[in-house]
$ cat query-v1.txt   # compact mmCIF, C-alpha atoms
# COMPACT_ATOMS: atom_id res chain seq x y z
CA MET A 18 102.92 92.12 99.63
CA THR A 19 104.02 88.77 98.30
CA ALA A 20 105.16 88.59 94.71
CA GLU A 21 102.48 88.04 92.14
CA SER A 22 103.48 85.55 89.47
CA ALA A 23 104.50 87.09 86.17
CA SER A 24 102.37 85.95 83.26
CA PRO A 25 104.35 84.63 80.32
CA GLY A 26 103.93 86.55 77.10
CA ARG A 27 101.26 85.03 74.91
CA ARG A 28 103.22 86.06 71.87
CA GLY A 29 106.90 86.37 71.06
CA ALA A 30 107.84 83.14 72.82
CA SER A 31 111.19 82.82 70.97
CA PRO A 32 114.22 83.84 73.08
CA LYS A 33 114.58 86.98 70.97
CA GLY A 34 110.88 87.74 71.27
CA VAL A 35 110.94 87.25 75.05
CA ALA A 36 113.92 89.59 75.33
CA ARG A 37 112.31 92.28 73.20
CA ARG A 38 109.09 91.99 75.20
CA GLN A 39 111.01 92.43 78.47
CA GLU A 40 112.90 95.38 76.95
CA ILE A 41 109.61 97.15 76.26
CA ILE A 42 108.38 96.50 79.82
CA ASP A 43 111.66 97.75 81.35
CA ARG A 44 111.56 100.89 79.23
CA ALA A 45 107.94 101.51 80.23
CA ILE A 46 108.81 101.17 83.95
CA GLU A 47 111.67 103.66 83.41
CA VAL A 48 109.32 106.13 81.74
CA PHE A 49 106.88 105.84 84.64
CA ALA A 50 109.72 106.36 87.13
CA GLN A 51 110.96 109.46 85.29
CA ARG A 52 107.56 111.09 85.29
CA GLY A 53 108.10 112.42 88.80
CA SER A 54 104.82 113.50 90.28
CA ASP A 55 103.53 114.87 86.97
CA ARG A 56 100.25 113.46 85.90
CA THR A 57 100.24 112.65 82.24
CA SER A 58 98.18 110.65 79.81
CA LEU A 59 98.87 106.96 79.38
CA ARG A 60 98.83 107.46 75.64
CA ALA A 61 101.69 109.94 75.99
CA ILE A 62 103.57 107.40 78.07
CA ALA A 63 103.06 104.70 75.44
CA SER A 64 104.44 106.97 72.77
CA GLU A 65 107.39 107.88 75.01
CA VAL A 66 108.21 104.21 75.47
CA GLY A 67 108.70 104.25 71.73
CA VAL A 68 106.68 101.14 71.01
CA THR A 69 104.77 101.10 67.74
CA HIS A 70 101.18 99.96 67.60
CA ALA A 71 102.27 96.90 65.57
CA ALA A 72 104.93 95.91 68.13
CA LEU A 73 102.48 96.47 70.96
CA ARG A 74 99.95 94.12 69.36
CA HIS A 75 102.64 91.60 68.54
CA TYR A 76 104.19 91.38 72.01
CA PHE A 77 101.25 92.17 74.27
CA GLY A 78 98.00 92.02 72.35
CA SER A 79 97.00 95.48 73.62
CA LEU A 80 98.12 98.54 75.58
CA GLU A 81 96.01 97.17 78.43
CA GLU A 82 98.20 94.03 78.66
CA LEU A 83 101.41 96.05 78.55
CA LEU A 84 100.13 98.26 81.38
CA VAL A 85 99.09 95.29 83.52
CA GLU A 86 102.55 93.75 82.99
CA VAL A 87 104.29 97.04 83.84
CA TYR A 88 102.28 97.36 87.05
CA ARG A 89 102.82 93.72 88.01
CA GLN A 90 106.61 93.84 87.53
CA ALA A 91 107.09 97.30 89.08
CA GLN A 92 105.02 96.17 92.07
CA HIS A 93 107.07 93.00 92.35
CA ASP A 94 110.35 94.96 92.38
CA HIS A 95 108.93 97.15 95.16
CA ALA A 96 107.25 94.37 97.13
CA VAL A 97 107.13 94.89 100.88
CA ALA A 98 108.41 92.00 102.99
CA LEU A 99 105.59 90.81 105.18
CA SER A 100 106.44 90.96 108.86
CA ALA A 101 104.26 89.12 111.34
CA GLU A 102 104.41 92.13 113.66
CA MET A 103 102.94 94.68 111.25
CA THR A 104 99.29 95.63 111.39
CA PRO A 105 97.43 95.51 108.05
CA THR A 106 97.35 99.29 107.98
CA GLU A 107 101.12 99.52 108.42
CA LEU A 108 101.56 97.06 105.56
CA MET A 109 99.37 99.11 103.20
CA ARG A 110 101.17 102.28 104.27
CA LEU A 111 104.59 100.82 103.53
CA SER A 112 103.37 99.42 100.24
CA ALA A 113 101.93 102.81 99.25
CA GLU A 114 105.19 104.54 100.18
CA ARG A 115 107.13 102.15 97.98
CA ASN A 116 104.77 102.77 95.09
CA ARG A 117 105.31 106.49 95.34
CA GLU A 118 108.96 106.03 94.46
CA ILE A 119 107.40 105.50 91.01
CA PRO A 120 104.68 108.16 91.11
CA GLY A 121 103.31 107.21 87.69
CA LEU A 122 102.54 103.84 89.25
CA VAL A 123 99.84 105.27 91.51
CA GLN A 124 98.17 106.84 88.48
CA LEU A 125 98.57 103.61 86.51
CA TYR A 126 96.91 101.69 89.34
CA SER A 127 93.88 104.01 89.29
CA THR A 128 93.62 103.64 85.55
CA LEU A 129 93.74 99.86 85.79
CA VAL A 130 91.01 99.84 88.46
CA ALA A 131 88.77 102.08 86.32
CA ALA A 132 89.44 99.93 83.23
CA ALA A 133 88.60 96.83 85.29
CA LEU A 134 85.12 98.21 85.92
CA GLU A 135 84.32 98.28 82.20
CA ASP A 136 83.04 95.22 80.40
CA ASP A 137 85.41 95.21 77.47
CA ARG A 138 88.64 95.14 79.47
CA PRO A 139 88.96 91.51 80.55
CA VAL A 140 92.74 91.66 81.13
CA ALA A 141 92.50 94.60 83.52
CA ARG A 142 89.40 93.14 85.17
CA ASP A 143 91.00 89.76 85.85
CA PHE A 144 94.18 91.36 87.10
CA VAL A 145 92.47 93.82 89.47
CA ALA A 146 89.82 91.35 90.69
CA VAL A 147 92.48 88.73 91.49
CA ARG A 148 94.70 91.35 93.13
CA PHE A 149 91.85 92.53 95.38
CA GLU A 150 90.95 88.97 96.31
CA ARG A 151 94.51 87.93 97.17
CA LEU A 152 95.20 91.14 99.05
CA ARG A 153 92.01 90.75 101.10
CA GLU A 154 93.03 87.18 101.99
CA GLU A 155 96.58 88.15 102.90
CA LEU A 156 95.49 91.10 105.00
CA ALA A 157 92.71 89.13 106.71
CA GLU A 158 95.36 86.60 107.73
CA GLN A 159 97.50 89.46 109.02
CA VAL A 160 94.53 90.80 111.00
CA ARG A 161 94.14 87.39 112.67
CA ARG A 162 97.85 87.30 113.51
CA THR A 163 97.87 90.80 114.97
CA GLN A 164 94.63 90.16 116.84
CA ALA A 165 96.32 87.14 118.41
CA SER A 166 99.35 89.23 119.41
CA GLY A 167 97.10 91.98 120.81
CA ARG A 168 97.93 94.75 118.33
CA VAL A 169 94.46 94.79 116.71
CA ARG A 170 91.18 94.72 118.61
CA ALA A 171 89.53 91.33 118.84
CA ASP A 172 85.93 92.42 118.19
CA VAL A 173 86.31 93.10 114.44
CA ASP A 174 85.88 90.74 111.51
CA PRO A 175 89.28 90.10 109.83
CA GLN A 176 87.84 90.03 106.31
CA GLU A 177 85.90 93.24 106.79
CA VAL A 178 88.95 94.97 108.22
CA ALA A 179 91.03 93.77 105.27
CA ALA A 180 88.57 95.20 102.72
CA LEU A 181 88.33 98.44 104.72
CA VAL A 182 92.10 98.97 104.94
CA ILE A 183 92.61 98.33 101.20
CA ALA A 184 89.72 100.64 100.33
CA ALA A 185 91.02 103.41 102.59
CA SER A 186 94.52 103.18 101.15
CA ASP A 187 93.29 103.13 97.52
CA GLY A 188 90.87 106.00 98.07
CA LEU A 189 93.47 108.11 99.87
CA GLN A 190 95.94 107.64 97.02
CA SER A 191 93.42 109.11 94.58
CA GLN A 192 92.77 112.08 96.86
CA TRP A 193 96.52 112.53 97.35
CA LEU A 194 97.20 112.66 93.59
CA LEU A 195 94.77 115.58 93.32
CA GLU A 196 95.75 117.25 96.60
CA PRO A 197 99.40 116.51 97.40
CA THR A 198 99.19 118.13 100.85
CA LEU A 199 96.86 115.34 101.93
CA ASP A 200 98.88 113.10 104.25
CA HIS A 201 98.15 109.52 103.20
CA ALA A 202 100.44 107.99 105.87
CA ARG A 203 99.00 110.11 108.68
CA ILE A 204 95.40 109.24 107.82
CA LEU A 205 96.21 105.53 107.54
CA ALA A 206 97.87 105.85 110.96
CA LEU A 207 94.55 107.22 112.26
CA LEU A 208 92.82 104.07 110.99
CA ASP A 209 95.50 102.02 112.71
CA ARG A 210 94.76 103.83 115.96
CA LEU A 211 91.02 103.17 115.56
CA LEU A 212 91.77 99.48 115.10
CA ALA A 213 93.96 99.23 118.20
CA PRO A 214 92.49 97.42 121.24
CA MET B 10 75.30 115.82 99.93
CA THR B 11 74.33 119.36 99.02
CA ALA B 12 73.56 120.13 95.40
CA GLU B 13 76.48 121.11 93.22
CA SER B 14 75.70 123.95 90.86
CA ALA B 15 75.09 122.89 87.28
CA SER B 16 77.50 124.43 84.83
CA PRO B 17 75.85 126.16 81.90
CA GLY B 18 76.69 124.75 78.48
CA ARG B 19 79.56 126.57 76.86
CA ARG B 20 77.90 126.06 73.51
CA GLY B 21 74.32 125.91 72.33
CA ALA B 22 73.17 128.83 74.48
CA SER B 23 70.05 129.47 72.38
CA PRO B 24 66.82 128.16 73.98
CA LYS B 25 66.72 125.39 71.39
CA GLY B 26 70.38 124.57 71.94
CA VAL B 27 69.91 124.47 75.74
CA ALA B 28 66.92 122.14 75.32
CA ARG B 29 68.81 119.79 72.99
CA ARG B 30 71.77 119.73 75.34
CA GLN B 31 69.53 118.82 78.28
CA GLU B 32 67.83 116.15 76.15
CA ILE B 33 71.18 114.47 75.55
CA ILE B 34 72.02 114.57 79.27
CA ASP B 35 68.60 113.12 80.24
CA ARG B 36 68.96 110.35 77.69
CA ALA B 37 72.46 109.55 78.95
CA ILE B 38 71.18 109.33 82.55
CA GLU B 39 68.41 106.99 81.34
CA VAL B 40 70.92 104.77 79.57
CA PHE B 41 73.03 104.58 82.73
CA ALA B 42 69.94 103.73 84.78
CA GLN B 43 68.90 100.95 82.38
CA ARG B 44 72.28 99.29 82.50
CA GLY B 45 71.37 97.45 85.66
CA SER B 46 74.47 96.12 87.30
CA ASP B 47 76.13 95.25 83.99
CA ARG B 48 79.49 96.76 83.50
CA THR B 49 79.91 98.10 80.02
CA SER B 50 82.24 100.43 78.16
CA LEU B 51 81.57 104.15 78.26
CA ARG B 52 82.01 104.24 74.51
CA ALA B 53 79.15 101.79 74.16
CA ILE B 54 77.03 103.99 76.40
CA ALA B 55 77.82 107.07 74.30
CA SER B 56 76.75 105.25 71.16
CA GLU B 57 73.58 104.05 72.90
CA VAL B 58 72.70 107.61 73.84
CA GLY B 59 72.67 108.15 70.09
CA VAL B 60 74.69 111.32 70.08
CA THR B 61 76.94 111.84 67.08
CA HIS B 62 80.52 112.96 67.50
CA ALA B 63 79.62 116.30 65.87
CA ALA B 64 76.70 116.91 68.25
CA LEU B 65 78.85 115.92 71.20
CA ARG B 66 81.52 118.44 70.26
CA HIS B 67 78.89 121.09 69.55
CA TYR B 68 76.98 120.79 72.82
CA PHE B 69 79.66 119.63 75.25
CA GLY B 70 83.11 120.06 73.72
CA SER B 71 83.99 116.44 74.55
CA LEU B 72 82.70 113.11 75.88
CA GLU B 73 84.49 114.02 79.12
CA GLU B 74 82.25 117.09 79.59
CA LEU B 75 79.09 115.13 78.83
CA LEU B 76 80.09 112.51 81.40
CA VAL B 77 80.86 115.11 84.08
CA GLU B 78 77.47 116.72 83.43
CA VAL B 79 75.68 113.36 83.57
CA TYR B 80 77.33 112.54 86.88
CA ARG B 81 76.66 115.99 88.32
CA GLN B 82 72.95 115.99 87.43
CA ALA B 83 72.31 112.34 88.36
CA GLN B 84 74.04 112.97 91.70
CA HIS B 85 71.94 116.08 92.23
CA ASP B 86 68.70 114.17 91.60
CA HIS B 87 69.79 111.57 94.14
CA ALA B 88 71.24 113.99 96.69
CA VAL B 89 70.96 112.90 100.29
CA ALA B 90 69.42 115.40 102.68
CA LEU B 91 71.98 116.22 105.33
CA SER B 92 70.75 115.50 108.82
CA ALA B 93 72.64 116.91 111.79
CA GLU B 94 72.29 113.58 113.57
CA MET B 95 74.00 111.42 110.97
CA THR B 96 77.63 110.43 111.35
CA PRO B 97 79.85 111.07 108.30
CA THR B 98 79.96 107.34 107.64
CA GLU B 99 76.16 107.08 107.64
CA LEU B 100 76.02 109.96 105.17
CA MET B 101 78.46 108.29 102.77
CA ARG B 102 76.60 105.01 103.12
CA LEU B 103 73.27 106.59 102.25
CA SER B 104 74.82 108.49 99.38
CA ALA B 105 76.40 105.28 98.03
CA GLU B 106 73.07 103.44 98.33
CA ARG B 107 71.35 106.16 96.33
CA ASN B 108 74.02 106.00 93.66
CA ARG B 109 73.48 102.27 93.26
CA GLU B 110 69.95 102.89 92.08
CA ILE B 111 71.87 103.94 88.95
CA PRO B 112 74.59 101.28 88.94
CA GLY B 113 76.32 102.72 85.88
CA LEU B 114 76.90 105.81 88.01
CA VAL B 115 79.36 104.02 90.29
CA GLN B 116 81.34 102.91 87.27
CA LEU B 117 81.15 106.42 85.79
CA TYR B 118 82.46 107.86 89.04
CA SER B 119 85.51 105.55 88.96
CA THR B 120 86.18 106.48 85.38
CA LEU B 121 85.99 110.20 86.18
CA VAL B 122 88.41 109.79 89.10
CA ALA B 123 90.89 107.88 86.89
CA ALA B 124 90.54 110.48 84.13
CA ALA B 125 91.11 113.22 86.72
CA LEU B 126 94.52 111.74 87.49
CA GLU B 127 95.70 112.22 83.90
CA ASP B 128 97.12 115.52 82.76
CA ASP B 129 95.09 116.01 79.61
CA ARG B 130 91.67 115.77 81.25
CA PRO B 131 91.22 119.21 82.84
CA VAL B 132 87.41 119.01 82.97
CA ALA B 133 87.40 115.74 84.90
CA ARG B 134 90.30 116.90 87.06
CA ASP B 135 88.61 120.16 88.07
CA PHE B 136 85.32 118.39 88.74
CA VAL B 137 86.79 115.60 90.86
CA ALA B 138 89.28 117.83 92.73
CA VAL B 139 86.53 120.31 93.63
CA ARG B 140 84.17 117.49 94.59
CA PHE B 141 86.77 115.93 96.93
CA GLU B 142 87.53 119.31 98.50
CA ARG B 143 83.86 120.21 99.12
CA LEU B 144 83.00 116.77 100.39
CA ARG B 145 85.95 116.81 102.81
CA GLU B 146 84.81 120.19 104.13
CA GLU B 147 81.19 119.12 104.48
CA LEU B 148 82.07 115.88 106.20
CA ALA B 149 84.62 117.53 108.51
CA GLU B 150 81.86 119.90 109.61
CA GLN B 151 79.61 116.88 110.18
CA VAL B 152 82.36 115.22 112.25
CA ARG B 153 82.52 118.33 114.46
CA ARG B 154 78.74 118.31 114.89
CA THR B 155 78.58 114.62 115.77
CA GLN B 156 81.60 114.94 118.06
CA ALA B 157 79.70 117.69 119.90
CA SER B 158 76.61 115.50 120.21
CA GLY B 159 78.70 112.54 121.40
CA ARG B 160 78.20 110.20 118.44
CA VAL B 161 81.81 110.39 117.23
CA ARG B 162 84.88 110.13 119.47
CA ALA B 163 86.45 113.43 120.41
CA ASP B 164 90.11 112.43 120.00
CA VAL B 165 90.17 112.35 116.18
CA ASP B 166 90.89 115.13 113.72
CA PRO B 167 87.69 116.05 111.80
CA GLN B 168 89.50 116.67 108.50
CA GLU B 169 91.42 113.41 108.70
CA VAL B 170 88.24 111.49 109.49
CA ALA B 171 86.50 113.17 106.54
CA ALA B 172 89.24 112.13 104.09
CA LEU B 173 89.29 108.61 105.56
CA VAL B 174 85.52 108.09 105.30
CA ILE B 175 85.41 109.31 101.67
CA ALA B 176 88.41 107.12 100.77
CA ALA B 177 86.90 104.05 102.41
CA SER B 178 83.58 104.54 100.64
CA ASP B 179 85.20 105.14 97.23
CA GLY B 180 87.57 102.20 97.58
CA LEU B 181 84.80 99.86 98.74
CA GLN B 182 82.66 100.80 95.74
CA SER B 183 85.45 99.70 93.40
CA GLN B 184 85.85 96.41 95.24
CA TRP B 185 82.07 95.91 95.25
CA LEU B 186 81.82 96.38 91.48
CA LEU B 187 84.29 93.52 91.01
CA GLU B 188 82.98 91.37 93.85
CA PRO B 189 79.24 92.01 94.35
CA THR B 190 79.08 89.87 97.51
CA LEU B 191 81.26 92.44 99.26
CA ASP B 192 78.98 94.29 101.66
CA HIS B 193 79.78 98.00 101.27
CA ALA B 194 77.20 99.11 103.87
CA ARG B 195 78.34 96.57 106.45
CA ILE B 196 82.00 97.52 106.14
CA LEU B 197 81.20 101.24 106.36
CA ALA B 198 79.18 100.40 109.48
CA LEU B 199 82.34 98.82 110.91
CA LEU B 200 84.17 102.11 110.34
CA ASP B 201 81.30 103.89 112.08
CA ARG B 202 81.68 101.58 115.05
CA LEU B 203 85.44 102.26 115.18
CA LEU B 204 84.71 105.99 115.21
CA ALA B 205 82.19 105.77 118.06
CA PRO B 206 83.29 107.08 121.46
$ encode --input "query-v1.txt" --output "structure tokens"
Amino acid sequence: MTAESASPGRRGASPKGVARRQEIIDRAIEVFAQRGSDRTSLRAIASEVGVTHAALRHYFGSLEELLVEVYRQAQHDHAVALSAEMTPTELMRLSAERNREIPGLVQLYSTLVAAALEDDRPVARDFVAVRFERLREELAEQVRRTQASGRVRADVDPQEVAALVIAASDGLQSQWLLEPTLDHARILALLDRLLAP
Amino acid sequence: MTAESASPGRRGASPKGVARRQEIIDRAIEVFAQRGSDRTSLRAIASEVGVTHAALRHYFGSLEELLVEVYRQAQHDHAVALSAEMTPTELMRLSAERNREIPGLVQLYSTLVAAALEDDRPVARDFVAVRFERLREELAEQVRRTQASGRVRADVDPQEVAALVIAASDGLQSQWLLEPTLDHARILALLDRLLAP
């Protein structure tokens, strides 16, 4: 999707601090990329990044903020260029395929969504709530475009379709992580077929 | 859906131990029910249940096992009777509506799914993986039945539809928790309409 704006670090605003903060994020993205399709604990990943608890608090405030920043930047690097011709389902499918080049990212996303549903995780909650809202708006717009061009049936509500496509893609990723034979792309293609005129 | 068998406690197998274990589970279900629609941390819930770390380890091994047991039993109490006439989407919608009578349960479910995706959470992983597998089988069977009776279109693969309906319902619950105006039932009804012949 479109790039989400990177949040500036609340701490470490000196040039050296900014560089060190970015170094930690880059290293964390690398660790996620190297994980392959192994599931592993986020705590283990944090320790593998080699960031001490003191440095974590200094540069990010919490592990939660580091993880949000890792997801945001990794997502940005893998952003899918929006094409007016793509149906919303195709967009989510492409985006999911990109994410799987960093398999740890799919797991990280699930963890951020679960954290967002708890009351004491405001950073994750804001990030996920805003992401859902923007994505629903973007996809609803894409539904309208593809309805106009005749690729999506006209008798469906764009906002409802947007929420449905995001939900299907998110839910299928969770099932796929636990059952790798499950074909995420094929099932999203089924939804695409159901949405065709 | 159908009842999932309750796992016997690995510890506390004496009649008194079994009773105390069940007491903790009942209290935890009560706490979840009382939460209303407030999101709150699972740690806070554990402390509200009033179970000490020692008792938790003694009766359940870990917080993870207590949470799986709470979800399993609360789900069981709210199980939806399978009717041959219901489409898979109607079934998931009813099941989701039941779960919302215990709002903390929706949050707990998300947390269990996220935990299942980490490597060091075998209890959650086994529970969620088995739940997905059974639910996909049950719903695929329901797709076949409702295809035969003409309520679901014949040109779709029952197993793919099953995975899609579960994914949509799960994903919509997460979006709903962060945006309560999102109408889970209405959007699942849209999917039902797309699946009609």
$ interface_residues --input "query-v1.txt" --of "chain B" --to "chain A" --cutoff "8 Å" --atoms "all atoms listed in the file" --output "number ranges by chain"
B: 47-51, 116, 119-120, 122-129, 134, 138, 141, 165, 169-170, 172-181, 183-184, 186-188, 196-197, 199-200, 203-204
$ atom_distance --input "query-v1.txt" --atom1 "atom CA of Pro167 of chain B" --atom2 "atom CA of Val169 of chain A"
22.8 Å
$ axis_aligned_box --input "query-v1.txt" --around "segment 169-182 of chain A" --padding-each-side "8 Å" --output "JSON"
{"center_x": 90.2, "center_y": 94.5, "center_z": 110.8, "size_x": 24.6, "size_y": 24.9, "size_z": 32.1}
$ atom_distance --input "query-v1.txt" --atom1 "atom CA of Gln31 of chain B" --atom2 "atom CA of Leu103 of chain B"
27.2 Å
$ atom_distance --input "query-v1.txt" --atom1 "atom CA of Thr106 of chain A" --atom2 "atom CA of Arg148 of chain A"
17.0 Å
$ residues_around --input "query-v1.txt" --residues "Thr163 of chain A" --least-positions-apart "2" --cutoff "12 Å" --atoms "all atoms listed in the file" --output "list in words"
Ser100, Ala101, Glu102, Met103, Thr104, Pro105, Thr106, Glu107, Leu108, Leu156, Ala157, Glu158, Gln159, Val160, Arg161, Ala165, Ser166, Gly167, Arg168, Val169, Arg170, Ala171, Val173, Pro175, Val178, Asp209, Leu212, Ala213 and Pro214 of chain A
